[in-house]
>>> print(open('data_16.txt').read())   # compact mmCIF, C-alpha atoms
# COMPACT_ATOMS: atom_id res chain seq x y z
CA MET A 1 -136.92 83.69 -5.57
CA MET A 2 -133.78 81.62 -4.91
CA ALA A 3 -134.69 81.11 -1.23
CA LEU A 4 -138.21 80.05 -2.27
CA SER A 5 -136.78 77.69 -4.85
CA TYR A 6 -134.53 76.01 -2.29
CA GLU A 7 -137.46 75.83 0.10
CA PHE A 8 -139.39 73.94 -2.57
CA SER A 9 -136.46 71.62 -3.42
CA ILE A 10 -135.84 70.75 0.25
CA GLY A 11 -139.51 69.95 0.84
CA SER A 12 -139.53 67.78 -2.29
CA VAL A 13 -136.32 65.95 -1.32
CA ARG A 14 -137.54 65.23 2.21
CA ALA A 15 -140.60 63.54 0.68
CA LYS A 16 -138.39 61.62 -1.79
CA GLU A 17 -136.15 60.38 1.04
CA LYS A 18 -139.06 58.25 2.27
CA ASN A 19 -138.50 56.00 -0.78
CA LEU A 20 -134.83 55.33 0.01
CA PHE A 21 -133.86 51.84 1.16
CA THR A 22 -134.70 50.81 4.69
CA ASN A 23 -133.06 47.95 6.61
CA SER A 24 -136.12 45.89 5.78
CA ASP A 25 -135.57 46.45 2.01
CA ILE A 26 -131.95 45.39 2.36
CA GLU A 27 -132.88 42.25 4.31
CA HIS A 28 -135.41 41.36 1.63
CA MET A 29 -132.79 41.79 -1.14
CA LEU A 30 -130.28 39.72 0.83
CA GLY A 31 -132.89 36.95 0.96
CA CYS A 32 -133.33 36.77 -2.84
CA GLU A 33 -132.29 33.37 -4.18
CA ASN A 34 -131.37 34.51 -7.67
CA VAL A 35 -130.79 37.71 -9.64
CA ASN A 36 -134.19 37.48 -11.35
CA GLU A 37 -135.87 37.57 -7.95
CA LEU A 38 -133.79 40.63 -7.03
CA CYS A 39 -134.78 42.34 -10.31
CA ARG A 40 -138.43 41.57 -9.63
CA TYR A 41 -138.22 43.05 -6.13
CA LEU A 42 -136.60 46.26 -7.43
CA SER A 43 -139.17 46.58 -10.25
CA ASP A 44 -142.10 45.99 -7.86
CA LYS A 45 -140.67 48.66 -5.54
CA GLY A 46 -140.63 51.08 -8.51
CA TYR A 47 -136.85 51.40 -8.29
CA GLY A 48 -136.24 51.23 -12.04
CA GLU A 49 -137.22 49.50 -15.26
CA GLY A 50 -135.40 46.78 -17.18
CA ASP A 51 -134.82 43.05 -17.59
CA ASP A 52 -131.52 42.87 -15.72
CA ILE A 53 -129.71 44.62 -12.86
CA GLU A 54 -127.67 46.93 -15.12
CA GLU A 55 -130.75 48.12 -17.01
CA ILE A 56 -132.65 48.74 -13.77
CA LEU A 57 -129.73 50.69 -12.27
CA LYS A 58 -129.32 52.73 -15.46
CA SER A 59 -133.03 53.52 -15.51
CA HIS A 60 -132.93 54.52 -11.82
CA SER A 61 -129.90 56.78 -12.38
CA GLU A 62 -131.60 58.52 -15.30
CA ASN A 63 -134.72 59.07 -13.18
CA VAL A 64 -132.70 60.51 -10.30
CA TRP A 65 -130.88 62.96 -12.57
CA GLU A 66 -134.12 63.98 -14.30
CA TYR A 67 -135.62 64.63 -10.88
CA LEU A 68 -132.60 66.68 -9.76
CA LYS A 69 -132.72 68.70 -12.97
CA ARG A 70 -136.38 69.54 -12.30
CA THR A 71 -135.89 70.24 -8.60
CA ALA A 72 -132.49 71.88 -8.05
CA PRO A 73 -132.57 75.69 -8.37
CA ASP A 74 -128.99 75.59 -9.70
CA PHE A 75 -128.03 72.39 -11.54
CA ALA A 76 -124.39 73.58 -11.77
CA ILE A 77 -123.90 72.65 -8.09
CA PHE A 78 -123.48 69.03 -9.27
CA LYS A 79 -120.51 69.85 -11.52
CA PRO A 80 -117.91 68.08 -9.33
CA PHE A 81 -119.94 64.85 -9.68
CA PHE A 82 -120.10 65.34 -13.46
CA TYR A 83 -116.32 65.73 -13.64
CA LEU A 84 -115.86 62.26 -12.11
CA ASN A 85 -117.94 60.87 -15.01
CA ASP A 86 -116.03 63.03 -17.50
CA LEU A 87 -112.78 61.51 -16.24
CA HIS A 88 -114.09 57.99 -16.82
CA ASN A 89 -115.41 58.96 -20.29
CA LEU A 90 -112.23 60.69 -21.43
CA LYS A 91 -110.12 57.64 -20.52
CA ALA A 92 -112.53 55.42 -22.48
CA VAL A 93 -112.48 57.67 -25.58
CA LEU A 94 -108.69 58.12 -25.45
CA LYS A 95 -107.93 54.40 -25.15
CA GLY A 96 -110.66 53.43 -27.61
CA THR A 97 -109.48 55.91 -30.24
CA LEU A 98 -105.77 55.03 -29.97
CA SER A 99 -106.41 51.27 -30.00
CA ASN A 100 -109.20 51.54 -32.60
CA ARG A 101 -111.79 49.89 -30.34
CA PRO A 102 -115.43 50.95 -29.81
CA TYR A 103 -116.08 52.94 -26.64
CA SER A 104 -119.61 54.36 -26.86
CA GLN A 105 -121.15 51.66 -24.65
CA LEU A 106 -118.61 52.43 -21.90
CA LEU A 107 -119.60 56.08 -21.50
CA VAL A 108 -121.60 57.23 -18.49
CA LYS A 109 -123.94 60.15 -17.82
CA PRO A 110 -124.50 62.83 -16.67
CA CYS A 111 -121.35 64.56 -17.82
CA THR A 112 -120.05 67.98 -18.79
CA PHE A 113 -118.57 66.94 -22.14
CA SER A 114 -120.66 65.17 -24.76
CA GLU A 115 -119.35 62.10 -26.59
CA GLU A 116 -118.99 64.23 -29.74
CA THR A 117 -116.87 66.85 -27.90
CA LEU A 118 -114.57 64.18 -26.46
CA LYS A 119 -114.32 62.48 -29.86
CA GLN A 120 -113.34 65.78 -31.56
CA ALA A 121 -110.85 66.63 -28.78
CA VAL A 122 -109.08 63.26 -28.98
CA GLU A 123 -109.20 62.61 -32.74
CA ASN A 124 -107.96 66.11 -33.60
CA ARG A 125 -105.77 66.37 -30.50
CA LYS A 126 -107.57 69.61 -29.79
CA PHE A 127 -107.93 69.51 -26.01
CA SER A 128 -108.67 73.22 -25.78
CA LEU A 129 -112.25 72.03 -26.44
CA LEU A 130 -112.23 70.75 -22.84
CA GLY A 131 -111.26 74.09 -21.36
CA GLU A 132 -108.09 75.79 -20.25
CA GLU A 133 -107.82 73.96 -16.92
CA LEU A 134 -107.72 70.51 -18.53
CA SER A 135 -106.12 71.18 -21.91
CA ALA A 136 -102.40 70.74 -21.06
CA SER A 137 -102.89 67.63 -18.89
CA CYS A 138 -105.11 65.95 -21.49
CA ASP A 139 -102.52 66.62 -24.18
CA LYS A 140 -99.79 65.16 -21.95
CA ALA A 141 -101.90 62.04 -21.26
CA TYR A 142 -102.47 61.64 -25.01
CA GLU A 143 -98.73 62.02 -25.70
CA ILE A 144 -97.84 59.38 -23.09
CA LEU A 145 -100.40 56.85 -24.31
CA ALA A 146 -99.70 57.39 -28.03
CA HIS A 147 -95.92 57.21 -27.77
CA THR A 148 -95.19 54.87 -24.86
CA GLY A 149 -98.43 52.91 -24.44
CA ASP A 150 -98.13 53.49 -20.67
CA ALA A 151 -101.83 53.49 -19.73
CA ARG A 152 -101.09 53.71 -16.00
CA LEU A 153 -99.08 56.91 -16.34
CA SER A 154 -101.57 58.39 -18.81
CA ASP A 155 -104.42 57.65 -16.37
CA ALA A 156 -102.42 59.18 -13.49
CA VAL A 157 -102.02 62.47 -15.38
CA LEU A 158 -105.78 62.63 -16.05
CA ASP A 159 -106.70 61.59 -12.48
CA ARG A 160 -104.58 64.39 -11.05
CA ALA A 161 -106.00 67.02 -13.42
CA PHE A 162 -109.60 66.08 -12.70
CA MET A 163 -109.07 65.76 -8.93
CA GLU A 164 -107.64 69.28 -8.87
CA LEU A 165 -110.59 70.54 -10.93
CA VAL A 166 -113.09 68.80 -8.63
CA LEU A 167 -111.41 70.41 -5.60
CA LYS A 168 -111.37 73.86 -7.16
CA THR A 169 -115.00 73.66 -8.30
CA SER A 170 -116.33 72.39 -4.98
CA GLU A 171 -114.38 75.04 -3.06
CA LYS A 172 -115.98 77.74 -5.23
CA SER A 173 -119.47 76.48 -4.40
CA ASP A 174 -121.44 78.09 -1.58
CA SER A 175 -121.62 74.74 0.19
CA GLU A 176 -119.24 73.99 3.03
CA PHE A 177 -120.38 70.36 2.77
CA MET A 178 -119.44 70.07 -0.94
CA SER A 179 -116.00 71.48 -0.24
CA GLU A 180 -115.49 69.06 2.68
CA TYR A 181 -116.92 66.06 0.82
CA PHE A 182 -114.63 66.48 -2.19
CA LYS A 183 -111.59 67.23 -0.03
CA ALA A 184 -112.24 63.85 1.60
CA THR A 185 -112.76 62.24 -1.82
CA VAL A 186 -109.46 63.59 -3.18
CA PHE A 187 -107.67 62.82 0.09
CA TYR A 188 -108.64 59.15 -0.16
CA ASN A 189 -107.89 59.08 -3.87
CA ASN A 190 -104.34 60.04 -2.87
CA VAL A 191 -104.25 57.34 -0.18
CA LYS A 192 -105.33 54.67 -2.70
CA THR A 193 -102.79 55.91 -5.26
CA ALA A 194 -99.98 55.77 -2.68
CA ILE A 195 -100.91 52.22 -1.63
CA ARG A 196 -101.26 51.00 -5.24
CA GLY A 197 -97.98 52.74 -6.13
CA ALA A 198 -96.16 51.04 -3.24
CA LYS A 199 -97.51 47.61 -4.24
CA ALA A 200 -96.57 48.12 -7.90
CA ASP A 201 -93.05 49.48 -7.13
CA CYS A 202 -93.85 52.81 -8.81
CA ASP A 203 -90.99 55.30 -8.86
CA LYS A 204 -90.96 58.77 -7.36
CA ASP A 205 -91.57 60.49 -10.72
CA PHE A 206 -94.81 58.56 -11.21
CA LEU A 207 -96.05 59.38 -7.69
CA GLU A 208 -95.16 63.07 -8.07
CA ILE A 209 -97.40 63.13 -11.15
CA ALA A 210 -100.22 61.04 -9.66
CA ILE A 211 -100.67 62.49 -6.16
CA CYS A 212 -102.09 65.98 -5.80
CA ASP A 213 -102.07 68.58 -3.04
CA VAL A 214 -105.04 68.52 -0.70
CA GLN A 215 -105.52 69.86 2.81
CA ASP A 216 -104.28 67.60 5.65
CA PHE A 217 -102.45 65.22 3.31
CA PRO A 218 -98.64 65.21 3.84
CA ARG A 219 -97.86 64.68 0.15
CA SER A 220 -94.03 64.65 0.21
CA LYS A 221 -93.87 62.36 3.24
CA VAL A 222 -96.31 59.86 1.72
CA ILE A 223 -94.47 59.85 -1.64
CA GLU A 224 -91.14 59.19 0.11
CA ALA A 225 -92.72 56.28 1.98
CA SER A 226 -94.52 54.85 -1.05
CA VAL A 227 -91.23 54.52 -2.98
CA LYS A 228 -89.90 52.36 -0.11
CA GLY A 229 -92.78 49.88 -0.19
CA LEU A 230 -96.14 49.00 1.32
CA GLU A 231 -95.12 48.72 5.00
CA PRO A 232 -93.48 52.17 5.20
CA THR A 233 -96.51 53.63 3.33
CA LEU A 234 -99.02 52.14 5.76
CA ASP A 235 -96.84 53.30 8.65
CA VAL A 236 -96.91 56.94 7.49
CA LEU A 237 -100.64 56.81 6.66
CA SER A 238 -101.44 55.32 10.08
CA LYS A 239 -100.13 58.52 11.71
CA ILE A 240 -102.63 60.73 9.84
CA SER A 241 -105.86 61.37 11.74
CA ALA A 242 -107.64 63.48 9.07
CA TYR A 243 -110.81 61.80 7.72
CA GLY A 244 -110.11 58.80 9.95
CA CYS A 245 -107.09 57.81 7.84
CA ASN A 246 -105.46 55.98 10.77
CA LYS A 247 -108.61 53.85 11.17
CA ALA A 248 -108.76 53.26 7.41
CA VAL A 249 -105.24 51.80 7.53
CA GLU A 250 -106.31 49.40 10.29
CA GLU A 251 -109.15 48.28 8.01
CA TYR A 252 -106.73 47.87 5.10
CA LYS A 253 -104.68 45.48 7.24
CA VAL A 254 -107.85 43.39 7.63
CA SER A 255 -108.52 43.46 3.86
CA PRO A 256 -108.53 45.90 0.93
CA SER A 257 -112.32 45.50 0.68
CA ALA A 258 -112.73 46.43 4.37
CA PHE A 259 -110.70 49.57 3.59
CA GLU A 260 -112.94 50.45 0.60
CA LYS A 261 -116.01 49.99 2.78
CA PHE A 262 -114.56 52.23 5.50
CA VAL A 263 -113.87 55.02 2.97
CA ASP A 264 -117.38 54.81 1.48
CA ASN A 265 -118.95 54.83 4.95
CA ARG A 266 -116.83 57.79 5.99
CA LEU A 267 -118.13 59.82 3.04
CA MET A 268 -121.69 58.68 3.77
CA SER A 269 -121.48 59.68 7.44
CA LEU A 270 -120.29 63.12 6.32
CA ALA A 271 -123.36 63.39 4.05
CA LYS A 272 -125.73 62.20 6.78
CA GLU A 273 -124.26 64.60 9.32
CA LYS A 274 -124.36 67.68 7.06
CA CYS A 275 -127.17 67.09 4.54
CA LYS A 276 -129.87 65.28 6.51
CA ARG A 277 -129.84 67.97 9.19
CA SER A 278 -129.53 70.92 6.83
CA GLY A 279 -132.57 73.12 6.36
CA ASP A 280 -131.28 75.43 3.63
CA GLY A 281 -129.20 75.66 0.46
CA ALA A 282 -128.20 72.83 -1.84
CA ASP A 283 -126.97 70.32 0.78
CA PRO A 284 -130.22 68.34 1.25
CA ILE A 285 -130.55 67.73 -2.48
CA THR A 286 -126.85 66.79 -2.77
CA GLY A 287 -127.36 64.34 0.11
CA TYR A 288 -130.17 62.69 -1.83
CA LEU A 289 -127.87 62.23 -4.84
CA ILE A 290 -125.15 60.62 -2.68
CA ALA A 291 -127.80 58.40 -1.06
CA SER A 292 -128.95 57.20 -4.51
CA GLU A 293 -125.38 56.47 -5.64
CA THR A 294 -124.74 54.43 -2.47
CA GLU A 295 -127.90 52.39 -3.05
CA LYS A 296 -126.51 51.38 -6.45
CA LYS A 297 -123.35 50.08 -4.76
CA VAL A 298 -125.46 48.10 -2.30
CA ILE A 299 -127.42 46.49 -5.16
CA HIS A 300 -124.19 45.62 -6.99
CA ILE A 301 -122.74 43.97 -3.88
CA ILE A 302 -125.92 41.94 -3.27
CA ALA A 303 -126.23 40.91 -6.95
CA SER A 304 -122.58 39.88 -7.03
CA GLY A 305 -123.07 37.85 -3.83
CA ILE A 306 -126.07 36.05 -5.36
CA ARG A 307 -124.16 35.24 -8.57
CA THR A 308 -121.13 33.88 -6.70
CA LYS A 309 -123.32 32.09 -4.11
CA THR A 310 -121.52 33.92 -1.29
CA ASN A 311 -123.03 33.31 2.13
CA TYR A 312 -125.46 35.82 3.68
CA GLU A 313 -123.12 36.99 6.50
CA THR A 314 -120.21 37.72 4.13
CA VAL A 315 -122.41 39.74 1.74
CA LYS A 316 -124.01 41.64 4.62
CA GLU A 317 -120.55 42.45 6.00
CA ARG A 318 -119.60 44.06 2.66
CA LEU A 319 -122.65 46.33 2.46
CA ARG A 320 -122.25 50.10 2.72
CA GLU A 321 -124.03 52.29 5.22
CA VAL A 322 -127.15 53.77 3.61
CA TYR A 323 -128.63 57.25 4.02
CA GLY A 324 -132.06 56.22 5.31
>>> encode(input="data_16.txt", output="structure tokens")
Amino acid sequence: MMALSYEFSIGSVRAKEKNLFTNSDIEHMLGCENVNELCRYLSDKGYGEGDDIEEILKSHSENVWEYLKRTAPDFAIFKPFFYLNDLHNLKAVLKGTLSNRPYSQLLVKPCTFSEETLKQAVENRKFSLLGEELSASCDKAYEILAHTGDARLSDAVLDRAFMELVLKTSEKSDSEFMSEYFKATVFYNNVKTAIRGAKADCDKDFLEIAICDVQDFPRSKVIEASVKGLEPTLDVLSKISAYGCNKAVEEYKVSPSAFEKFVDNRLMSLAKEKCKRSGDGADPITGYLIASETEKKVIHIIASGIRTKTNYETVKERLREVYG
């Protein structure tokens, strides 16, 4: 049955892929003179429903996840993606609770932990509700934020815990692609942390907490460099070839946004290479999810360009590679 189920899901996804953005769609969006025109185009295309960009994107996301739930033989394969949303949500609930500010509107779906579970865990400081693998780190993050107010360090503790969980979960999956994709994700999360740490003069203790172990990342060497400043950090990172890190550093020297674009495109090319060509298992359906998430980034970049009246060439230069 499982093989038949995947056969069905792959056939369905291949048909769905025909609705992904083409270059012609992107050119049309780039030509929109205002955000209302962009919203109209997306609505007419059947992309999502709503009166503004955020509503349309939210509607589209909900539709994608509903579709995946109906189509994927095993919905648990998406757990590493859920954990990234859980990380965002936990930070929002933790900061909101301790500063007595509302947080509900900041939470994103799909996720593993409901708002009620996160609320109970934080308000009662009962992080065992989030499972053994996260409990100690969540309690430590709470302790730091409640007693020192150091949001950066609290976030770093949570980032590390969730990155390790994402790695572990994706490695346990049957998909070589998922394992590779999340290794690359965690690898570049480390790179960004090291660069930010160098720019903010973070000490070694902070970096030891924030940067996790992942294949092909020389953790100790990068931490030593990051403590010394941005130039030594970039120098060490430029000698790492894994995931095109040396090329990413060249892009960073052009601009931080060029670096972000390079990282996103690197992950997309991995998805295109493994998922578009795959004829079995969960990879094709995972590729469709990544394609949909990238389209949202493209819309955000175009909408932002329209609002700030940025010229066509500059906006086009910022766009991410799409799956189609």
>>> residues_around(input="data_16.txt", residues="A:Lys239", least_positions_apart="4", cutoff="12 Å", atoms="only C-alpha atoms", output="list in words")
Asp216, Phe217, Pro218, Lys221, Val222, Pro232, Thr233, Leu234, Asp235, Tyr243, Gly244, Cys245, Asn246, Lys247, Ala248, Val249 and Glu250 of chain A
>>> closest_residue(input="data_16.txt", among="A:Glu115, A:Glu164, A:Asp25, A:Glu293", to="A:Ser61", atoms="all atoms listed in the file")
A:Glu293
>>> closest_residue(input="data_16.txt", among="A:Lys192, A:Ile299, A:Tyr312, A:Ser179", to="A:Leu42", atoms="all atoms listed in the file")
A:Ile299
>>> atom_distance(input="data_16.txt", atom1="atom CA of A:His28", atom2="atom CA of A:Asn265")
21.5 Å
>>> atom_distance(input="data_16.txt", atom1="atom CA of A:Glu313", atom2="atom CA of A:Ser269")
22.8 Å
>>> closest_residue(input="data_16.txt", among="A:Gly229, A:Pro110, A:Gly96, A:Gly324", to="A:Gly197", atoms="only C-alpha atoms")
A:Gly229
>>> residues_around(input="data_16.txt", residues="A:Glu54", least_positions_apart="6", cutoff="10 Å", atoms="all atoms listed in the file", output="list in words")
Cys39, His60, Lys296, Ile299 and His300 of chain A
>>> closest_residue(input="data_16.txt", among="A:Tyr67, A:Tyr142, A:Tyr188, A:Phe78", to="A:Lys91", atoms="all atoms listed in the file")
A:Tyr142
>>> atom_distance(input="data_16.txt", atom1="atom CA of A:Phe187", atom2="atom CA of A:Phe127")
26.9 Å
>>> residues_around(input="data_16.txt", residues="A:Ser104", least_positions_apart="2", cutoff="10 Å", atoms="only C-alpha atoms", output="PDB file with C-alpha atoms, in the coordinates of the input")
ATOM      1  CA  ASN A  89    -115.410  58.960 -20.290  1.00  0.00           C
ATOM      2  CA  ALA A  92    -112.530  55.420 -22.480  1.00  0.00           C
ATOM      3  CA  VAL A  93    -112.480  57.670 -25.580  1.00  0.00           C
ATOM      4  CA  GLY A  96    -110.660  53.430 -27.610  1.00  0.00           C
ATOM      5  CA  ARG A 101    -111.790  49.890 -30.340  1.00  0.00           C
ATOM      6  CA  PRO A 102    -115.430  50.950 -29.810  1.00  0.00           C
ATOM      7  CA  LEU A 106    -118.610  52.430 -21.900  1.00  0.00           C
ATOM      8  CA  LEU A 107    -119.600  56.080 -21.500  1.00  0.00           C
ATOM      9  CA  VAL A 108    -121.600  57.230 -18.490  1.00  0.00           C
ATOM     10  CA  GLU A 115    -119.350  62.100 -26.590  1.00  0.00           C
TER      11      GLU A 115
END
>>> residues_around(input="data_16.txt", residues="A:Glu123", least_positions_apart="5", cutoff="9 Å", atoms="all atoms listed in the file", output="list in words")
Leu94, Thr97, Leu98 and Leu118 of chain A
>>> closest_residue(input="data_16.txt", among="A:Lys16, A:Arg307, A:Lys58, A:Arg266", to="A:Leu289", atoms="all atoms listed in the file")
A:Lys16
>>> closest_residue(input="data_16.txt", among="A:Ala282, A:Leu158, A:Leu84, A:Ala291", to="A:Ile209", atoms="all atoms listed in the file")
A:Leu158
>>> axis_aligned_box(input="data_16.txt", around="stretch 318-321 of chain A", padding_each_side="5 Å", output="lines of an AutoDock Vina configuration file")
center_x = -121.8
center_y = 48.2
center_z = 3.8
size_x = 14.4
size_y = 18.2
size_z = 12.8
>>> residues_around(input="data_16.txt", residues="A:Leu230", least_positions_apart="6", cutoff="8 Å", atoms="all atoms listed in the file", output="PyMOL selection string")
chain A and resi 195+198-199
>>> decode(input="data_16.txt", residues="stretch 187-197 of chain A", atoms="all heavy atoms", output="compact mmCIF listing (two decimals), in the first residue's frame")
# COMPACT_ATOMS: atom_id res chain seq x y z
N PHE A 187 24.09 24.10 8.81
CA PHE A 187 25.43 24.58 8.46
C PHE A 187 25.40 26.11 8.27
O PHE A 187 26.19 26.85 8.85
CB PHE A 187 25.89 23.89 7.17
CG PHE A 187 27.23 24.32 6.65
CD1 PHE A 187 28.38 23.60 6.96
CD2 PHE A 187 27.36 25.45 5.84
CE1 PHE A 187 29.62 24.00 6.48
CE2 PHE A 187 28.60 25.85 5.36
CZ PHE A 187 29.74 25.13 5.68
N TYR A 188 24.45 26.57 7.46
CA TYR A 188 24.38 28.01 7.19
C TYR A 188 23.82 28.80 8.37
O TYR A 188 24.12 29.99 8.52
CB TYR A 188 23.62 28.29 5.89
CG TYR A 188 24.56 28.28 4.71
CD1 TYR A 188 24.46 27.30 3.72
CD2 TYR A 188 25.57 29.22 4.60
CE1 TYR A 188 25.36 27.26 2.66
CE2 TYR A 188 26.47 29.19 3.54
CZ TYR A 188 26.35 28.22 2.57
OH TYR A 188 27.25 28.20 1.52
N ASN A 189 23.04 28.16 9.21
CA ASN A 189 22.61 28.82 10.44
C ASN A 189 23.84 29.12 11.31
O ASN A 189 23.97 30.20 11.89
CB ASN A 189 21.62 27.92 11.20
CG ASN A 189 20.88 28.68 12.27
OD1 ASN A 189 20.08 29.56 11.98
ND2 ASN A 189 21.16 28.37 13.52
N ASN A 190 24.77 28.16 11.35
CA ASN A 190 26.04 28.36 12.07
C ASN A 190 26.85 29.50 11.46
O ASN A 190 27.42 30.32 12.17
CB ASN A 190 26.88 27.08 12.03
CG ASN A 190 26.48 26.07 13.09
OD1 ASN A 190 25.68 26.34 13.97
ND2 ASN A 190 27.05 24.87 13.00
N VAL A 191 26.92 29.51 10.13
CA VAL A 191 27.69 30.56 9.44
C VAL A 191 27.14 31.94 9.80
O VAL A 191 27.88 32.86 10.15
CB VAL A 191 27.65 30.35 7.90
CG1 VAL A 191 28.23 31.55 7.16
CG2 VAL A 191 28.41 29.08 7.51
N LYS A 192 25.80 32.07 9.74
CA LYS A 192 25.17 33.36 10.05
C LYS A 192 25.41 33.75 11.51
O LYS A 192 25.67 34.92 11.81
CB LYS A 192 23.66 33.29 9.78
CG LYS A 192 23.33 33.19 8.30
CD LYS A 192 21.83 32.93 8.11
CE LYS A 192 21.51 32.55 6.67
NZ LYS A 192 20.09 32.27 6.46
N THR A 193 25.34 32.77 12.40
CA THR A 193 25.57 33.03 13.83
C THR A 193 27.00 33.51 14.06
O THR A 193 27.23 34.46 14.82
CB THR A 193 25.30 31.76 14.68
OG1 THR A 193 23.96 31.34 14.44
CG2 THR A 193 25.49 32.01 16.15
N ALA A 194 27.96 32.87 13.40
CA ALA A 194 29.36 33.25 13.55
C ALA A 194 29.61 34.69 13.05
O ALA A 194 30.31 35.48 13.69
CB ALA A 194 30.26 32.28 12.79
N ILE A 195 29.01 35.01 11.91
CA ILE A 195 29.17 36.37 11.35
C ILE A 195 28.52 37.41 12.25
O ILE A 195 29.12 38.44 12.57
CB ILE A 195 28.60 36.43 9.91
CG1 ILE A 195 29.50 35.62 8.95
CG2 ILE A 195 28.47 37.88 9.42
CD1 ILE A 195 28.94 35.46 7.54
N ARG A 196 27.27 37.12 12.67
CA ARG A 196 26.58 38.07 13.58
C ARG A 196 27.35 38.22 14.89
O ARG A 196 27.49 39.31 15.42
CB ARG A 196 25.16 37.57 13.89
CG ARG A 196 24.14 37.90 12.82
CD ARG A 196 22.73 37.77 13.36
NE ARG A 196 22.46 36.46 13.93
CZ ARG A 196 21.96 35.44 13.24
NH1 ARG A 196 21.67 35.57 11.95
NH2 ARG A 196 21.73 34.28 13.82
N GLY A 197 27.86 37.09 15.40
CA GLY A 197 28.62 37.11 16.65
C GLY A 197 29.88 37.96 16.53
O GLY A 197 30.22 38.73 17.43
